[in-house]
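Containing mmCIF, C-alpha atoms and all ligand atoms: start.cif.
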```
data_upload
loop_
_atom_site.label_atom_id
_atom_site.label_comp_id
_atom_site.auth_asym_id
_atom_site.auth_seq_id
_atom_site.Cartn_x
_atom_site.Cartn_y
_atom_site.Cartn_z
CA MET S 12 5.96 -26.17 2.74
CA ARG S 13 6.78 -28.06 -0.45
CA LYS S 14 9.61 -26.53 -2.49
CA PRO S 15 8.46 -23.17 -3.92
CA ALA S 16 9.10 -21.68 -7.33
CA LEU S 17 8.15 -18.28 -8.70
CA VAL S 18 6.17 -18.49 -11.95
CA ILE S 19 5.84 -15.19 -13.82
CA ILE S 20 3.16 -15.36 -16.47
CA ASP S 21 3.46 -13.45 -19.75
CA ALA S 22 5.02 -10.19 -18.51
CA GLN S 23 5.41 -9.16 -22.15
CA VAL S 24 5.38 -5.89 -24.08
CA ASP S 25 2.14 -6.69 -25.97
CA PHE S 26 0.23 -7.20 -22.72
CA CYS S 27 1.25 -3.80 -21.35
CA PRO S 28 -0.15 -0.37 -22.23
CA GLY S 29 1.01 0.55 -25.75
CA GLY S 30 1.11 -3.12 -26.78
CA ALA S 31 -1.14 -5.10 -29.12
CA LEU S 32 -3.38 -6.58 -26.41
CA PRO S 33 -2.84 -4.30 -23.45
CA VAL S 34 -3.97 -5.40 -20.01
CA PRO S 35 -5.07 -2.23 -18.17
CA GLN S 36 -2.19 -1.25 -15.84
CA GLY S 37 -0.38 -4.44 -16.80
CA ASP S 38 2.96 -2.64 -16.52
CA GLU S 39 2.29 -1.90 -12.85
CA THR S 40 2.96 -5.56 -12.08
CA VAL S 41 6.59 -5.25 -13.22
CA PRO S 42 8.17 -3.49 -10.19
CA VAL S 43 6.29 -5.85 -7.87
CA LEU S 44 7.36 -8.89 -9.87
CA ASN S 45 10.93 -7.61 -9.53
CA MET S 46 10.57 -7.68 -5.75
CA TYR S 47 9.41 -11.29 -5.90
CA ILE S 48 12.28 -12.17 -8.25
CA GLU S 49 14.80 -10.80 -5.76
CA LEU S 50 13.14 -12.69 -2.90
CA PHE S 51 13.23 -16.03 -4.72
CA GLU S 52 16.74 -15.50 -6.09
CA ASP S 53 18.07 -14.65 -2.62
CA ALA S 54 16.48 -17.85 -1.27
CA ASN S 55 18.03 -19.84 -4.12
CA LEU S 56 14.63 -20.90 -5.43
CA PRO S 57 13.72 -21.41 -9.10
CA VAL S 58 12.27 -18.58 -11.16
CA TYR S 59 10.20 -19.40 -14.24
CA ALA S 60 9.09 -16.84 -16.82
CA THR S 61 6.44 -17.95 -19.27
CA ARG S 62 5.74 -16.20 -22.52
CA ASP S 63 2.98 -16.25 -25.08
CA TRP S 64 4.82 -17.20 -28.28
CA HIS S 65 2.51 -17.43 -31.27
CA PRO S 66 3.08 -18.06 -34.97
CA GLU S 67 1.65 -15.43 -37.36
CA LYS S 68 -1.22 -17.72 -38.28
CA THR S 69 -2.95 -19.29 -35.32
CA ILE S 70 -6.49 -20.22 -34.34
CA HIS S 71 -5.88 -17.93 -31.35
CA PHE S 72 -6.12 -14.80 -33.53
CA MET S 73 -9.43 -13.28 -34.78
CA GLU S 74 -8.47 -13.50 -38.41
CA TYR S 75 -8.25 -17.30 -38.09
CA GLY S 76 -11.33 -17.83 -35.93
CA GLY S 77 -9.97 -16.88 -32.50
CA LEU S 78 -10.82 -14.20 -29.98
CA TRP S 79 -7.82 -11.91 -30.12
CA PRO S 80 -5.95 -9.41 -32.28
CA PRO S 81 -2.46 -10.59 -33.23
CA HIS S 82 -0.09 -10.38 -30.23
CA CYS S 83 3.16 -11.91 -28.98
CA VAL S 84 4.18 -13.16 -32.41
CA GLN S 85 7.38 -15.21 -32.17
CA GLY S 86 10.46 -13.00 -32.45
CA SER S 87 8.52 -9.71 -32.55
CA LYS S 88 9.17 -6.70 -30.32
CA GLY S 89 5.78 -7.18 -28.66
CA ALA S 90 6.67 -10.73 -27.64
CA GLU S 91 9.70 -9.57 -25.64
CA PHE S 92 9.59 -9.51 -21.89
CA HIS S 93 8.86 -6.08 -20.44
CA PRO S 94 12.15 -4.15 -20.62
CA GLU S 95 12.09 -3.38 -16.90
CA LEU S 96 11.52 -6.95 -15.79
CA ASN S 97 14.74 -8.01 -14.04
CA LEU S 98 14.83 -11.61 -15.12
CA PRO S 99 17.81 -13.47 -13.70
CA ASP S 100 20.12 -15.22 -16.17
CA ASP S 101 19.10 -18.59 -14.80
CA ALA S 102 15.35 -17.96 -15.10
CA GLU S 103 13.70 -20.77 -16.99
CA VAL S 104 11.75 -19.44 -19.99
CA VAL S 105 8.66 -21.43 -20.99
CA SER S 106 6.93 -20.68 -24.31
CA ALA S 107 3.23 -21.45 -24.83
CA GLY S 108 0.79 -21.16 -27.72
CA VAL S 109 3.63 -22.05 -30.07
CA GLY S 110 1.70 -24.24 -32.52
CA PRO S 111 -0.90 -22.91 -35.02
CA ASN S 112 -3.67 -24.92 -33.34
CA GLU S 113 -2.83 -24.02 -29.74
CA GLU S 114 -4.44 -21.31 -27.63
CA GLY S 115 -1.79 -21.78 -24.95
CA TYR S 116 -3.64 -20.14 -22.06
CA SER S 117 -2.16 -22.60 -19.59
CA SER S 118 1.61 -22.50 -19.28
CA PHE S 119 1.43 -26.28 -18.77
CA GLU S 120 0.95 -26.42 -22.55
CA GLY S 121 4.35 -24.76 -22.84
CA ARG S 122 7.93 -25.97 -23.06
CA ASN S 123 11.33 -24.62 -22.04
CA GLU S 124 14.22 -24.04 -24.42
CA GLU S 125 15.26 -27.70 -24.22
CA GLY S 126 11.73 -28.80 -25.17
CA THR S 127 10.83 -29.99 -21.66
CA ASP S 128 7.23 -29.27 -20.69
CA LEU S 129 6.56 -27.19 -17.59
CA ASP S 130 5.15 -30.07 -15.52
CA SER S 131 8.23 -32.25 -16.10
CA SER S 132 10.62 -29.38 -15.47
CA LEU S 133 8.98 -28.51 -12.14
CA ARG S 134 9.02 -32.15 -11.01
CA GLU S 135 12.65 -32.62 -12.07
CA ARG S 136 13.56 -29.62 -9.91
CA GLY S 137 11.52 -30.94 -6.97
CA VAL S 138 9.06 -28.02 -7.01
CA GLY S 139 5.70 -28.56 -5.33
CA HIS S 140 4.37 -25.06 -4.72
CA LEU S 141 3.92 -22.40 -7.38
CA PHE S 142 3.80 -18.69 -6.56
CA ILE S 143 2.09 -17.21 -9.60
CA GLY S 144 2.05 -13.58 -10.78
CA GLY S 145 1.85 -11.74 -14.09
CA LEU S 146 -0.73 -11.34 -16.87
CA ALA S 147 -3.58 -11.75 -17.25
CA THR S 148 -5.51 -12.72 -14.11
CA ASP S 149 -8.58 -13.87 -16.04
CA TYR S 150 -6.75 -15.80 -18.80
CA CYS S 151 -3.25 -17.20 -18.50
CA VAL S 152 -2.85 -16.74 -14.74
CA ARG S 153 -6.24 -18.38 -14.14
CA ALA S 154 -5.65 -21.23 -16.59
CA THR S 155 -2.15 -21.95 -15.29
CA ALA S 156 -3.21 -21.87 -11.64
CA LEU S 157 -6.18 -24.19 -12.17
CA ASP S 158 -4.08 -26.56 -14.27
CA ALA S 159 -1.32 -26.57 -11.63
CA MET S 160 -3.74 -27.53 -8.87
CA SER S 161 -5.35 -30.29 -10.94
CA ARG S 162 -1.82 -31.67 -11.45
CA GLY S 163 -1.23 -31.72 -7.69
CA PHE S 164 0.83 -28.55 -7.19
CA ASP S 165 0.03 -26.12 -4.41
CA VAL S 166 -0.66 -22.61 -5.67
CA THR S 167 -0.35 -19.14 -4.21
CA VAL S 168 -1.59 -16.29 -6.41
CA LEU S 169 0.34 -13.05 -5.91
CA GLU S 170 -2.53 -10.60 -5.72
CA ASP S 171 -0.30 -7.52 -5.86
CA ALA S 172 1.52 -8.76 -8.98
CA VAL S 173 -1.35 -9.68 -11.31
CA LYS S 174 -3.73 -7.63 -13.48
CA GLY S 175 -6.76 -8.73 -15.50
CA ILE S 176 -8.27 -7.87 -18.87
CA ASP S 177 -11.93 -7.91 -17.73
CA VAL S 178 -13.47 -8.17 -21.19
CA THR S 179 -16.64 -8.63 -19.15
CA PRO S 180 -16.49 -6.61 -15.93
CA GLY S 181 -15.89 -8.91 -12.98
CA ASP S 182 -13.90 -11.55 -14.91
CA SER S 183 -10.82 -11.11 -12.72
CA GLN S 184 -12.87 -11.25 -9.54
CA ARG S 185 -14.53 -14.46 -10.76
CA ALA S 186 -11.12 -15.88 -11.66
CA PHE S 187 -9.91 -15.24 -8.09
CA GLU S 188 -13.03 -16.98 -6.76
CA GLU S 189 -12.50 -20.01 -9.01
CA MET S 190 -8.84 -20.31 -8.07
CA THR S 191 -9.65 -20.00 -4.38
CA ALA S 192 -12.47 -22.54 -4.65
CA GLN S 193 -10.01 -25.03 -6.11
CA GLY S 194 -7.59 -24.47 -3.23
CA ALA S 195 -5.34 -21.55 -4.19
CA GLU S 196 -4.01 -19.24 -1.52
CA ILE S 197 -4.12 -15.53 -2.32
CA ALA S 198 -1.22 -13.57 -0.83
CA ASP S 199 0.66 -10.30 -1.05
CA TYR S 200 4.37 -9.56 -0.82
CA GLU S 201 4.47 -9.18 2.94
CA ALA S 202 2.86 -12.59 3.49
CA VAL S 203 5.08 -14.29 0.91
CA VAL S 204 8.27 -12.86 2.44
CA GLU S 205 7.31 -14.52 5.71
CA GLU S 206 6.58 -17.86 4.06
CA ILE S 207 9.75 -17.90 1.98
CA THR S 208 11.95 -16.75 4.84
CA ALA S 209 10.45 -19.37 7.14
CA GLN S 210 11.07 -22.20 4.67
CA ALA S 211 14.61 -20.98 3.96
CA VAL S 212 15.65 -21.43 7.60
CA SER S 213 13.72 -24.67 8.20
C1 LIG C 301 -3.56 -13.98 -22.59
C2 LIG C 301 -5.45 -13.29 -23.69
C3 LIG C 301 -4.98 -13.80 -24.87
C4 LIG C 301 -2.80 -14.04 -21.31
C5 LIG C 301 -3.08 -14.51 -23.76
O1 LIG C 301 -1.55 -14.12 -21.34
O2 LIG C 301 -3.45 -14.00 -20.24
N1 LIG C 301 -4.74 -13.38 -22.58
N2 LIG C 301 -3.80 -14.42 -24.88
#
```
What is this file in structure tokens?
Amino acid sequence: MRKPALVIIDAQVDFCPGGALPVPQGDETVPVLNMYIELFEDANLPVYATRDWHPEKTIHFMEYGGLWPPHCVQGSKGAEFHPELNLPDDAEVVSAGVGPNEEGYSSFEGRNEEGTDLDSSLRERGVGHLFIGGLATDYCVRATALDAMSRGFDVTVLEDAVKGIDVTPGDSQRAFEEMTAQGAEIADYEAVVEEITAQAVS
């Protein structure tokens, strides 16, 4: 297997129940994401955490022509990572949707704190296989996974650590089908433990 990294998409307060754009049961991904974090940390593999990080005025928000109520505004409480997400100190944070004309669904539009884009950062660290979980299945997870595969990365979607919005019923199911059709593997924790453990000893 090419070098794996864990990529946690937008596990933020606003995407969880009680937030500005809640993904139904979005918070239920957090304990499962924590299990994956521990697995990757123990294997000394990179952990990325992306975040939606919008300015107050952006084409992404309804008031300015977009689809969504304001959410994940830079520096706001709602833009923070979920308080129970156990992000390691060395997790690489990637912010997307930062500019006023960016939707930022794909984390490949995002940059880390040094200003390096996600694609360059992954390549610099020798990563070839992304294990993707987080929110939301039918938006940022989908967009990031499809983008990753078109850039030549292998992708495994963590089916027990994602939740969808389903504005139209079936959106998440269709997103899984699209990702699979483009070559993504769909796996749960048990399967990923085996894969990661096997590559750690090889
Ligand atoms: C997202 C809808 C709007 C996501 C972001 O993170 O999946 N979804 N903005």
| field | Length of the CA of Ile48 (chain S) to CA of Asn97 (chain S) vector [Å] | value | 7.5 Å
Using only the atoms of ligand LIG 301 (chain C) listed in the file, plus 8 Å on each side, state the axis-aligned box centre and edge lengths in Å rounded to one decimal, as lines of an AutoDock Vina configuration file.
```
center_x = -3.5
center_y = -13.9
center_z = -22.6
size_x = 19.9
size_y = 17.2
size_z = 20.6
```
| request: Name the residues in contact with region 194-204 of chain S at a cut-off of 7 Å, using only C-alpha atoms, excluding same-chain residues fewer than 3 positions from it; report them as a PyMOL selection string. | output: chain S and resi 166-171+190-191+207-208
| query | Which protein, DNA or RNA residues have an atom within 6 Å of ligand LIG 301 (chain C), counting all atoms listed in the file, as a list in words? | reply | Asp21, Tyr116, Leu146, Ala147, Tyr150 and Cys151 of chain S
| S:Val104, S:Leu78, S:Leu96, S:Met73 ranked by distance to Thr61 (chain S), top pick (using all atoms listed in the file) |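 Answer, going by the shortest atom-to-atom distance: S:Val104.
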